[in-house]
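One file, upload_4.cif, is given below (mmCIF, C-alpha atoms).
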```
data_my_file
#
loop_
_atom_site.label_atom_id
_atom_site.label_comp_id
_atom_site.auth_asym_id
_atom_site.auth_seq_id
_atom_site.Cartn_x
_atom_site.Cartn_y
_atom_site.Cartn_z
CA MET A 440 -6.73 -17.06 -3.30
CA ILE A 441 -3.15 -16.00 -3.79
CA VAL A 442 -1.81 -13.84 -1.00
CA ALA A 443 1.00 -11.38 -1.49
CA ASP A 444 2.83 -8.56 0.26
CA ARG A 445 3.74 -5.29 -1.34
CA LYS A 446 7.47 -4.82 -1.68
CA PRO A 447 8.89 -2.09 0.56
CA PHE A 448 8.63 1.31 -1.07
CA ASP A 449 12.41 1.82 -1.08
CA ASP A 450 12.86 -1.41 -3.06
CA ILE A 451 10.29 -0.33 -5.66
CA LYS A 452 11.86 3.11 -5.87
CA ALA A 453 15.31 1.61 -6.34
CA MET A 454 14.04 -0.65 -9.16
CA LEU A 455 12.64 2.39 -10.93
CA GLU A 456 15.79 4.48 -10.65
CA GLY A 457 16.49 6.14 -13.99
CA PHE A 458 13.05 5.54 -15.49
CA GLU A 459 10.87 8.54 -16.23
CA ARG A 460 7.76 7.03 -17.74
CA VAL A 461 6.28 4.34 -15.56
CA LEU A 462 3.04 2.42 -16.01
CA ILE A 463 1.65 0.89 -12.83
CA VAL A 464 -0.70 -2.02 -13.51
CA GLY A 465 -2.92 -3.39 -10.77
CA CYS A 466 -4.85 -6.64 -10.72
CA GLY A 467 -8.49 -6.86 -9.69
CA GLU A 468 -8.37 -10.39 -8.35
CA CYS A 469 -6.57 -11.95 -5.37
CA VAL A 470 -4.10 -9.14 -4.72
CA SER A 471 -6.99 -6.73 -4.69
CA VAL A 472 -8.71 -8.73 -1.96
CA CYS A 473 -5.55 -8.94 0.15
CA MET A 474 -5.09 -5.18 -0.24
CA VAL A 475 -1.78 -5.29 -2.07
CA GLY A 476 -2.25 -4.68 -5.76
CA GLY A 477 -5.76 -3.50 -6.59
CA GLU A 478 -6.98 -0.18 -7.93
CA LYS A 479 -6.54 1.58 -4.61
CA GLU A 480 -3.02 0.28 -4.06
CA VAL A 481 -2.08 1.43 -7.56
CA GLU A 482 -3.20 4.94 -6.60
CA ILE A 483 -1.24 4.80 -3.35
CA LEU A 484 1.96 3.63 -5.02
CA ALA A 485 1.62 6.28 -7.72
CA SER A 486 1.12 8.97 -5.10
CA GLN A 487 4.16 7.78 -3.16
CA LEU A 488 6.30 7.72 -6.29
CA ARG A 489 5.16 11.19 -7.33
CA MET A 490 5.99 12.60 -3.92
CA ALA A 491 9.37 10.87 -3.80
CA ALA A 492 10.24 12.17 -7.26
CA GLY A 493 9.06 15.66 -6.36
CA LYS A 494 11.15 15.64 -3.19
CA GLU A 495 14.25 14.76 -5.17
CA GLY A 496 13.43 17.16 -7.98
CA LYS A 497 13.15 14.35 -10.49
CA LYS A 498 10.73 14.04 -13.37
CA ILE A 499 8.34 11.12 -13.42
CA GLU A 500 5.34 10.42 -15.61
CA LEU A 501 3.06 7.83 -14.13
CA GLY A 502 0.30 5.86 -15.74
CA GLU A 503 -2.20 4.04 -13.55
CA THR A 504 -4.46 1.22 -14.61
CA THR A 505 -6.00 -1.86 -13.06
CA LEU A 506 -7.00 -4.89 -15.08
CA GLU A 507 -9.73 -7.37 -14.23
CA ARG A 508 -6.86 -9.82 -13.76
CA GLN A 509 -3.38 -10.33 -15.13
CA CYS A 510 -3.47 -14.11 -15.54
CA ASP A 511 -5.57 -14.03 -18.72
CA ARG A 512 -4.40 -12.80 -22.11
CA GLU A 513 -7.80 -11.25 -22.85
CA TYR A 514 -7.33 -8.72 -20.09
CA LEU A 515 -3.64 -8.12 -20.68
CA GLU A 516 -4.44 -7.27 -24.29
CA LEU A 517 -6.17 -4.14 -23.04
CA LEU A 518 -2.74 -2.67 -22.29
CA LYS A 519 -1.65 -2.95 -25.91
CA ASP A 520 -1.82 0.74 -26.85
CA LYS A 521 -1.17 2.28 -23.48
CA ILE A 522 1.98 0.31 -22.73
CA GLU A 523 3.89 1.83 -25.65
CA ASN A 524 3.88 5.24 -23.96
CA TYR A 525 5.98 3.99 -21.06
CA ASP A 526 9.59 2.88 -20.54
CA VAL A 527 8.82 0.41 -17.81
CA VAL A 528 5.83 -1.41 -16.35
CA VAL A 529 5.33 -2.11 -12.67
CA SER A 530 2.94 -4.98 -12.11
CA MET A 531 1.19 -5.20 -8.78
CA ALA A 532 -0.16 -8.70 -9.49
CA CYS A 533 1.10 -11.98 -8.07
CA GLY A 534 4.17 -13.61 -9.61
CA ALA A 535 2.01 -15.38 -12.19
CA GLY A 536 0.48 -12.12 -13.35
CA VAL A 537 3.84 -10.36 -13.53
CA GLN A 538 5.24 -13.15 -15.67
CA PHE A 539 2.28 -13.32 -18.01
CA LEU A 540 2.41 -9.58 -18.52
CA ALA A 541 6.17 -9.76 -19.15
CA GLU A 542 5.66 -12.65 -21.59
CA MET A 543 2.99 -10.86 -23.55
CA TYR A 544 4.91 -7.62 -23.78
CA ASP A 545 8.42 -9.04 -23.95
CA HIS A 546 9.82 -5.87 -25.50
CA LYS A 547 9.05 -4.00 -22.27
CA ILE A 548 10.77 -4.10 -18.92
CA VAL A 549 8.25 -5.47 -16.41
CA LEU A 550 9.01 -5.16 -12.70
CA PRO A 551 7.19 -6.70 -9.73
CA ALA A 552 5.81 -4.54 -6.94
CA THR A 553 4.77 -7.49 -4.79
CA ASN A 554 6.24 -10.52 -3.09
CA THR A 555 3.88 -13.42 -3.65
CA ARG A 556 3.43 -15.43 -0.48
CA PHE A 557 0.96 -18.31 -0.59
CA ILE A 558 -2.43 -19.80 -1.45
CA GLY A 559 -4.61 -18.97 1.47
CA VAL A 560 -7.84 -17.76 3.01
CA THR A 561 -9.11 -14.61 4.68
CA GLU A 562 -9.04 -15.55 8.33
CA GLY A 563 -10.30 -12.20 9.57
CA GLU A 564 -10.10 -8.55 8.65
CA GLY A 565 -6.62 -8.01 7.25
CA VAL A 566 -5.46 -11.50 8.20
CA TRP A 567 -4.69 -14.19 5.67
CA THR A 568 -3.34 -17.65 6.34
CA GLU A 569 -1.91 -20.35 4.14
CA ARG A 570 -4.05 -23.38 3.45
CA CYS A 571 -2.66 -25.10 0.37
CA ARG A 572 0.79 -25.91 -0.99
CA ALA A 573 -0.54 -26.97 -4.39
CA CYS A 574 1.12 -30.38 -4.01
CA SER A 575 -0.97 -31.91 -6.83
CA ASP A 576 -1.88 -34.95 -4.69
CA CYS A 577 -4.55 -33.90 -2.20
CA VAL A 578 -4.88 -35.84 1.06
CA LEU A 579 -7.68 -33.76 2.63
CA ALA A 580 -10.18 -36.64 2.35
CA GLU A 581 -8.20 -38.64 4.90
CA THR A 582 -7.15 -35.78 7.15
CA GLY A 583 -10.50 -34.28 8.04
CA GLY A 584 -10.09 -31.35 5.69
CA ILE A 585 -6.91 -30.10 7.34
CA CYS A 586 -3.78 -30.14 5.22
CA PRO A 587 -0.71 -31.58 6.96
CA VAL A 588 1.48 -30.65 4.00
CA THR A 589 0.69 -26.98 4.66
CA ILE A 590 -0.16 -26.70 8.35
CA CYS A 591 2.48 -29.08 9.77
CA ALA A 592 5.83 -27.32 10.00
CA LYS A 593 7.48 -30.51 8.75
CA GLY A 594 4.77 -31.31 6.22
CA LEU A 595 4.43 -34.80 7.75
CA LEU A 596 1.92 -37.14 6.14
CA ASN A 597 1.98 -39.44 9.16
CA GLY A 598 1.80 -37.56 12.40
CA PRO A 599 2.00 -36.25 14.95
CA CYS A 600 5.74 -36.30 15.53
CA GLY A 601 7.44 -36.16 18.93
CA GLY A 602 7.45 -32.39 18.81
CA THR A 603 3.74 -32.02 19.45
CA ASN A 604 3.08 -30.31 22.77
CA ASP A 605 -0.41 -29.61 24.11
CA GLY A 606 -1.70 -28.99 20.61
CA LYS A 607 1.19 -26.71 19.69
CA CYS A 608 4.24 -27.30 17.51
CA GLU A 609 7.80 -27.56 18.80
CA VAL A 610 8.82 -25.06 16.14
CA SER A 611 6.77 -22.29 17.74
CA LYS A 612 4.21 -22.01 20.50
CA GLU A 613 2.25 -19.78 18.15
CA LYS A 614 1.78 -22.62 15.68
CA ASP A 615 -0.89 -25.26 16.07
CA CYS A 616 0.15 -28.88 15.70
CA ALA A 617 -1.52 -29.87 12.43
CA TRP A 618 -1.87 -33.48 13.54
CA THR A 619 -3.59 -32.55 16.79
CA LEU A 620 -6.03 -30.50 14.73
CA ILE A 621 -6.49 -33.46 12.40
CA TYR A 622 -7.03 -35.87 15.31
CA ASN A 623 -9.62 -33.59 16.90
CA ARG A 624 -11.44 -33.02 13.64
CA LEU A 625 -11.54 -36.73 12.75
CA ASN A 626 -12.71 -37.51 16.28
CA LYS A 627 -15.52 -34.98 15.90
CA LEU A 628 -16.50 -36.52 12.58
CA GLY A 629 -16.37 -40.06 13.95
CA ARG A 630 -13.70 -40.90 11.41
CA LEU A 631 -10.70 -41.61 13.64
CA ASP A 632 -10.02 -44.77 11.65
CA SER A 633 -8.53 -42.50 8.98
CA ILE A 634 -5.64 -41.54 11.23
CA ARG A 635 -4.55 -45.17 11.46
CA GLU A 636 -3.98 -45.24 7.74
CA ILE A 637 -0.31 -44.99 6.90
CA PHE A 638 0.37 -42.72 3.98
CA PRO A 639 3.08 -43.94 1.62
CA ALA A 640 5.79 -41.49 0.53
CA LYS A 641 4.37 -38.47 -1.21
CA LYS A 642 4.06 -38.57 -4.99
CA TYR A 643 6.58 -35.91 -5.81
CA ASN A 644 6.58 -36.93 -9.46
CA VAL A 645 3.26 -35.12 -9.91
CA GLN A 646 4.85 -31.91 -8.69
CA THR A 647 6.98 -31.41 -11.76
CA ARG A 648 7.71 -27.79 -12.49
CA PRO A 649 6.28 -25.85 -14.17
CA GLY A 650 2.83 -27.29 -13.58
CA ARG A 651 0.57 -27.64 -16.56
CA ARG A 652 -3.04 -28.74 -16.85
CA ILE A 653 -5.10 -29.18 -19.97
CA HIS A 654 -8.85 -29.56 -19.74
CA GLU A 655 -10.08 -32.83 -21.24
CA ALA A 656 -12.17 -30.98 -23.80
CA PHE A 657 -9.11 -29.17 -25.08
CA LYS A 658 -6.65 -32.03 -25.21
CA GLU A 659 -7.20 -32.82 -28.86
CA LYS A 660 -6.39 -29.27 -29.85
CA GLU A 661 -2.99 -29.66 -28.24
CA MET B 1356 14.11 35.07 5.70
CA ASN B 1357 10.41 34.33 5.86
CA GLU B 1358 9.31 32.20 8.73
CA PHE B 1359 8.04 28.77 7.74
CA GLU B 1360 4.26 28.73 7.59
CA PRO B 1361 2.97 25.17 7.39
CA LYS B 1362 -0.08 24.39 5.33
CA VAL B 1363 -2.39 22.14 7.29
CA VAL B 1364 -5.33 20.27 5.82
CA ALA B 1365 -8.06 19.17 8.20
CA PHE B 1366 -10.56 16.52 7.25
CA CYS B 1367 -13.52 17.19 9.50
CA CYS B 1368 -16.72 15.30 10.14
CA GLN B 1369 -19.67 17.58 9.56
CA TYR B 1370 -21.43 16.35 12.70
CA CYS B 1371 -18.73 17.12 15.24
CA ALA B 1372 -15.37 18.61 14.28
CA TYR B 1373 -16.75 20.71 11.47
CA SER B 1374 -19.60 21.91 13.71
CA ALA B 1375 -16.97 22.88 16.27
CA ALA B 1376 -15.09 24.91 13.67
CA ASP B 1377 -18.36 26.47 12.61
CA LEU B 1378 -19.20 27.32 16.19
CA ALA B 1379 -15.76 28.86 16.62
CA GLY B 1380 -16.64 31.09 13.69
CA SER B 1381 -20.01 32.04 15.19
CA MET B 1382 -18.29 32.89 18.43
CA ARG B 1383 -15.75 34.98 16.54
CA LEU B 1384 -12.94 32.86 17.89
CA GLN B 1385 -9.84 32.90 15.77
CA TYR B 1386 -7.84 29.93 14.67
CA SER B 1387 -4.83 29.78 12.44
CA PRO B 1388 -5.52 30.57 8.79
CA ASN B 1389 -2.95 27.91 7.92
CA VAL B 1390 -5.63 25.29 8.50
CA ARG B 1391 -7.71 24.45 5.46
CA ILE B 1392 -10.82 22.49 6.33
CA VAL B 1393 -12.34 19.80 4.16
CA LYS B 1394 -15.83 18.95 5.34
CA LEU B 1395 -16.81 15.30 5.13
CA MET B 1396 -20.14 13.63 5.68
CA CYS B 1397 -18.29 11.24 7.97
CA THR B 1398 -14.56 10.78 8.66
CA GLY B 1399 -15.16 7.07 8.31
CA LYS B 1400 -14.86 7.82 4.61
CA VAL B 1401 -11.28 9.05 4.96
CA ASP B 1402 -8.92 6.79 3.13
CA VAL B 1403 -5.14 6.77 2.99
CA ILE B 1404 -5.34 8.02 -0.59
CA HIS B 1405 -7.09 11.24 0.57
CA LEU B 1406 -4.26 11.90 3.01
CA LEU B 1407 -1.64 11.20 0.35
CA LYS B 1408 -3.36 13.49 -2.14
CA ALA B 1409 -3.33 16.28 0.43
CA PHE B 1410 0.41 15.83 0.93
CA GLU B 1411 0.93 15.62 -2.82
CA GLY B 1412 -0.98 18.88 -3.16
CA GLY B 1413 1.51 20.59 -0.88
CA ALA B 1414 0.15 20.10 2.63
CA ASP B 1415 2.81 19.99 5.34
CA ALA B 1416 0.48 18.29 7.77
CA VAL B 1417 -2.88 16.61 7.61
CA PHE B 1418 -5.26 15.84 10.44
CA VAL B 1419 -8.50 14.02 10.64
CA ALA B 1420 -11.07 15.05 13.22
CA GLY B 1421 -14.30 13.26 13.73
#
```
Encoding of this model in structure tokens:
Amino acid sequence: MIVADRKPFDDIKAMLEGFERVLIVGCGECVSVCMVGGEKEVEILASQLRMAAGKEGKKIELGETTLERQCDREYLELLKDKIENYDVVVSMACGAGVQFLAEMYDHKIVLPATNTRFIGVTEGEGVWTERCRACSDCVLAETGGICPVTICAKGLLNGPCGGTNDGKCEVSKEKDCAWTLIYNRLNKLGRLDSIREIFPAKKYNVQTRPGRRIHEAFKEKE
Amino acid sequence: MNEFEPKVVAFCCQYCAYSAADLAGSMRLQYSPNVRIVKLMCTGKVDVIHLLKAFEGGADAVFVAG
């Protein structure tokens, strides 16, 4: 899933300076799971904004809504009537959601309430870690299911480098050496031969931005 | 000038803290009328939004006892 952080309250408050009618839109998918932009976080932000406005004697009218997700037009369409009652929209979705909302309602000012961080997993309660860099050229088959592009601080495809130290990375003792993890995993799987394979330079040409993918069944329509 | 009288909201678990407040009543012990008690089935239910709503509603302090 996509993992994000909520922007500091002061930053959000500063963005909203001068606006009186604010619609806060949450997203029920990834940001809901990582406790940043779901229904509950919408309520919390609204409460904080109301209190801050009250403290400063300012007027603020807040709308609160949470969509199933913000990366599909079908769900964004549900805002059609409501959005017209507000001067500005604060999206609590990831960067993709914020942009899609802004694209669909391009006559409205849409502001982000989150900083999108990475594609990751839930490692434990309240802990998420990055697992994928979306490099468009997956090497996990050869690396025992551990991604060197993401986990290795240098993103090395042929490792380990000279900075590996008792399973840790020279960058930080807190960080595992991805290639030690890969070695150990391949050893466990009896597939150590894989580590002898030399990867050629990464195919950066497949990483063109912005990424686009069309399902085979829909190619003709294009 | 009137002295500041804080409004305090207390979220109390019915099995312990609320029972204690109840017992205080039975024993005719007095505690500050500034404290408004909200009885909960369990304080495990308390969420940050409940605390924020209490502050929004004008509470100067909120405590959770359970």
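Ranking A:Ala492, A:Ala592, A:Val442, A:Leu579 by their shortest atom-to-atom distance to chain B, with only C-alpha atoms included, puts A:Ala492 first.
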Exercise. Please provide the set of residues having any atom within 12 Å of Ser1387 of chain B, restricted to only C-alpha atoms, with same-chain residues fewer than 5 positions apart removed, written as a list in words.
Key: Glu1360, Pro1361, Lys1362, Val1363, Val1364, Ala1365, Ala1376, Ala1379, Gly1380 and Ile1392 of chain B
Practice problem: May I ask for the distance between atom CA of Arg624 of chain A and atom CA of Pro587 of chain A, given in Å to one decimal place? | Solution: 12.7 Å
Using only C-alpha atoms, find each residue of chain B with at least one atom at most 8 Å away from an atom of chain A; report its shortest atom-to-atom pair and that distance in Å (one decimal), sort the rows by chain and rising residue number, and return the result as a tab-separated table.
```
residue	atom	partner	partner_atom	distance
B:Val1403	CA	A:Ile483	CA	7.7
B:Ile1404	CA	A:Ile483	CA	5.9
B:Leu1407	CA	A:Ser486	CA	6.5
B:Lys1408	CA	A:Ser486	CA	7.0
B:Glu1411	CA	A:Met490	CA	6.0
```
Exercise. Spell out the residues picked by the PyMOL selection byres ((chain A and resi 498) around 12) here, as a count of residues only.
Key: 19
Practice problem: Using the chain letters and numbering of this document, enumerate as a VMD selection string the residues selected by the PyMOL selection byres ((chain A and resi 553) around 10). | Solution: chain A and resid 442 to 447 451 470 475 to 476 529 to 534 537 550 to 552 554 to 556
If you apply the PyMOL selection byres ((chain A and resi 559) around 8) to this file, what residues do you get, as a compact mmCIF listing (two decimals) with C-alpha atoms, keeping the file's coordinate frame?
```txt
# COMPACT_ATOMS: atom_id res chain seq x y z
CA MET A 440 -6.73 -17.06 -3.30
CA ILE A 441 -3.15 -16.00 -3.79
CA VAL A 442 -1.81 -13.84 -1.00
CA PHE A 557 0.96 -18.31 -0.59
CA ILE A 558 -2.43 -19.80 -1.45
CA VAL A 560 -7.84 -17.76 3.01
CA THR A 561 -9.11 -14.61 4.68
CA TRP A 567 -4.69 -14.19 5.67
CA THR A 568 -3.34 -17.65 6.34
CA GLU A 569 -1.91 -20.35 4.14
CA ARG A 570 -4.05 -23.38 3.45
CA CYS A 571 -2.66 -25.10 0.37
```
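Atom pair atom CA of Ala573 of chain A / atom CA of Thr647 of chain A: separated by 11.4 Å.
Checking B:Phe1366, B:Cys1371, B:Ser1381, B:Val1390 one by one against Asp1402 of chain B, counting only C-alpha atoms, you find the shortest gap at B:Phe1366.
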Quiz item: Residues at most 12 Å from Val1401 of chain B, counting only C-alpha atoms, excluding those fewer than 3 positions away in the same chain, as a list of chain:residue names?
Solution: B:Ala1365, B:Phe1366, B:Cys1367, B:Cys1368, B:Val1393, B:Lys1394, B:Leu1395, B:Met1396, B:Cys1397, B:Thr1398, B:Ile1404, B:His1405, B:Leu1406, B:Leu1407, B:Lys1408, B:Ala1409, B:Val1417, B:Phe1418, B:Val1419, B:Ala1420, B:Gly1421
Self-check item: atom CA of Trp618 of chain A to atom CA of Lys641 of chain A, distance in Å rounded to a single decimal
Solution: 16.8 Å
Quiz prompt | Polymer residues at most 10 Å from Asp632 of chain A, only C-alpha atoms, same-chain spacing of 5 or more positions, as a ChimeraX atom specification | solution = /A:581,625-626
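In terms of minimum interatomic distance to Cys574 of chain A, A:Thr589 ranks closest within A:Thr603, A:Thr589, A:Glu542, A:Phe638, counting only C-alpha atoms.
Neighbours of Lys614 of chain A closer than or equal to 12 Å, with all atoms listed in the file counted and sequence neighbours fewer than 5 positions away skipped, come out as Thr568, Thr589, Ile590, Cys591, Ala592, Lys593, Gly602, Thr603, Asn604, Asp605, Gly606, Lys607, Cys608, Glu609, Thr619 and Leu620 of chain A.
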